[in-house]
$ cat run04.pdb   # PDB, C-alpha atoms
ATOM      1  CA  MET A 198       0.000   0.000   0.000
ATOM      2  CA  THR A 199       1.343   3.427  -0.977
ATOM      3  CA  ASP A 200       1.284   6.302   1.517
ATOM      4  CA  THR A 201      -0.605   9.106  -0.217
ATOM      5  CA  ARG A 202      -0.149  11.718   2.524
ATOM      6  CA  THR A 203       1.572  14.926   1.502
ATOM      7  CA  LEU A 204       4.519  16.391   3.387
ATOM      8  CA  ALA A 205       2.102  18.943   4.845
ATOM      9  CA  ASP A 206      -0.108  16.061   6.042
ATOM     10  CA  ARG A 207       2.895  14.392   7.644
ATOM     11  CA  ILE A 208       3.911  17.591   9.474
ATOM     12  CA  ALA A 209       0.312  18.242  10.552
ATOM     13  CA  ALA A 210       0.149  14.754  12.087
ATOM     14  CA  VAL A 211       3.080  15.438  14.430
ATOM     15  CA  GLN A 212       1.893  15.781  18.029
ATOM     16  CA  ARG A 213       4.012  17.710  20.538
ATOM     17  CA  HIS A 214       3.337  19.060  24.023
ATOM     18  CA  GLY A 215       3.099  22.782  24.562
ATOM     19  CA  ALA A 216       1.662  25.475  22.362
ATOM     20  CA  PRO A 217       0.325  24.402  18.969
ATOM     21  CA  LEU A 218       2.519  25.033  15.956
ATOM     22  CA  THR A 219       2.103  28.415  14.355
ATOM     23  CA  ASP A 220       1.540  28.607  10.608
ATOM     24  CA  ASP A 221       5.126  29.867  10.197
ATOM     25  CA  GLU A 222       6.543  26.993  12.270
ATOM     26  CA  ARG A 223       4.491  24.474  10.319
ATOM     27  CA  ALA A 224       5.660  25.942   6.995
ATOM     28  CA  ALA A 225       9.298  25.980   8.138
ATOM     29  CA  ALA A 226       9.115  22.352   9.290
ATOM     30  CA  GLU A 227       7.533  21.336   5.993
ATOM     31  CA  GLN A 228      10.260  23.128   4.023
ATOM     32  CA  LEU A 229      12.988  21.538   6.148
ATOM     33  CA  LEU A 230      11.437  18.115   5.537
ATOM     34  CA  ALA A 231      11.237  18.787   1.780
ATOM     35  CA  ASP A 232      14.856  19.951   1.668
ATOM     36  CA  MET A 233      16.071  16.934   3.618
ATOM     37  CA  LEU A 234      14.139  14.571   1.368
ATOM     38  CA  ALA A 235      15.579  16.242  -1.733
ATOM     39  CA  ALA A 236      19.071  15.565  -0.379
ATOM     40  CA  ALA A 237      18.128  12.007   0.614
ATOM     41  CA  GLY A 238      16.685  11.405  -2.849
ATOM     42  CA  ARG A 239      20.123  11.936  -4.350
ATOM     43  CA  HIS A 240      21.134   8.838  -2.369
ATOM     44  CA  GLY A 241      18.085   6.845  -3.435
ATOM     45  CA  ALA A 242      16.267   7.293  -0.105
ATOM     46  CA  ALA A 243      12.654   8.428   0.322
ATOM     47  CA  LEU A 244      10.445   9.277   3.279
ATOM     48  CA  ALA A 245       9.205   5.684   3.424
ATOM     49  CA  ASP A 246      12.793   4.559   4.015
ATOM     50  CA  PHE A 247      13.074   6.881   7.016
ATOM     51  CA  ASP A 248       9.751   5.642   8.409
ATOM     52  CA  TRP A 249      11.440   2.329   9.192
ATOM     53  CA  THR A 250      14.091   3.945  11.384
ATOM     54  CA  VAL A 251      13.313   7.502  12.485
ATOM     55  CA  ASP A 252      10.420   9.973  12.725
ATOM     56  CA  LEU A 253      11.788  12.438  10.188
ATOM     57  CA  PRO A 254       8.684  14.698  10.109
ATOM     58  CA  GLY A 255       8.677  14.857  13.915
ATOM     59  CA  GLY A 256      12.397  15.567  13.943
ATOM     60  CA  CYS A 257      11.907  18.474  11.563
ATOM     61  CA  VAL A 258       9.215  19.915  13.842
ATOM     62  CA  ASP A 259      11.513  19.480  16.858
ATOM     63  CA  VAL A 260      14.359  21.319  15.123
ATOM     64  CA  ILE A 261      12.140  24.241  14.121
ATOM     65  CA  LEU A 262      10.607  24.482  17.592
ATOM     66  CA  SER A 263      13.950  24.343  19.361
ATOM     67  CA  ARG A 264      15.419  27.067  17.167
ATOM     68  CA  ARG A 265      12.400  29.373  17.283
ATOM     69  CA  ARG A 266      11.285  28.974  20.885
ATOM     70  CA  SER A 267      14.657  29.052  22.622
TER
END
$ encode --input "run04.pdb" --output "structure tokens"
Amino acid sequence: MTDTRTLADRIAAVQRHGAPLTDDERAAAEQLLADMLAAAGRHGAALADFDWTVDLPGGCVDVILSRRRS
């Protein structure tokens, strides 16, 4: 079965404690995820490959939140 969720869907599904994501934080996390996947694609990796080992969308949200809220 193919995952048909968009990157925006994947970011929107991330649940974190604290204040909800702002639109700017959500957009920044989505762009970070897209940029990381573009780089990974050059190595033949896709988001589905990361799903087996790490929560890449959640990690992107965490990075954006840590940089913006600290």
$ residues_around --input "run04.pdb" --residues "segment 217-220 of chain A" --least-positions-apart "2" --cutoff "12 Å" --atoms "all atoms listed in the file" --output "number ranges by chain"
A: 205, 208-215, 222-227, 258-259, 261-263, 265-266
$ write_last_selection --input "run04.pdb" --atoms "C-alpha atoms" --output "compact mmCIF listing (two decimals), in the coordinates of the input"
# COMPACT_ATOMS: atom_id res chain seq x y z
CA ALA A 205 2.10 18.94 4.84
CA ILE A 208 3.91 17.59 9.47
CA ALA A 209 0.31 18.24 10.55
CA ALA A 210 0.15 14.75 12.09
CA VAL A 211 3.08 15.44 14.43
CA GLN A 212 1.89 15.78 18.03
CA ARG A 213 4.01 17.71 20.54
CA HIS A 214 3.34 19.06 24.02
CA GLY A 215 3.10 22.78 24.56
CA GLU A 222 6.54 26.99 12.27
CA ARG A 223 4.49 24.47 10.32
CA ALA A 224 5.66 25.94 7.00
CA ALA A 225 9.30 25.98 8.14
CA ALA A 226 9.12 22.35 9.29
CA GLU A 227 7.53 21.34 5.99
CA VAL A 258 9.22 19.92 13.84
CA ASP A 259 11.51 19.48 16.86
CA ILE A 261 12.14 24.24 14.12
CA LEU A 262 10.61 24.48 17.59
CA SER A 263 13.95 24.34 19.36
CA ARG A 265 12.40 29.37 17.28
CA ARG A 266 11.28 28.97 20.88
$ resolve_selection --input "run04.pdb" --expression "the PyMOL selection byres ((chain A and resi 231) around 12)" --output "ChimeraX atom specification"
/A:203-205,207-208,224-230,232-238,243-244,253-254,257
$ atom_distance --input "run04.pdb" --atom1 "atom CA of Asp206 of chain A" --atom2 "atom CA of Ala245 of chain A"
14.2 Å
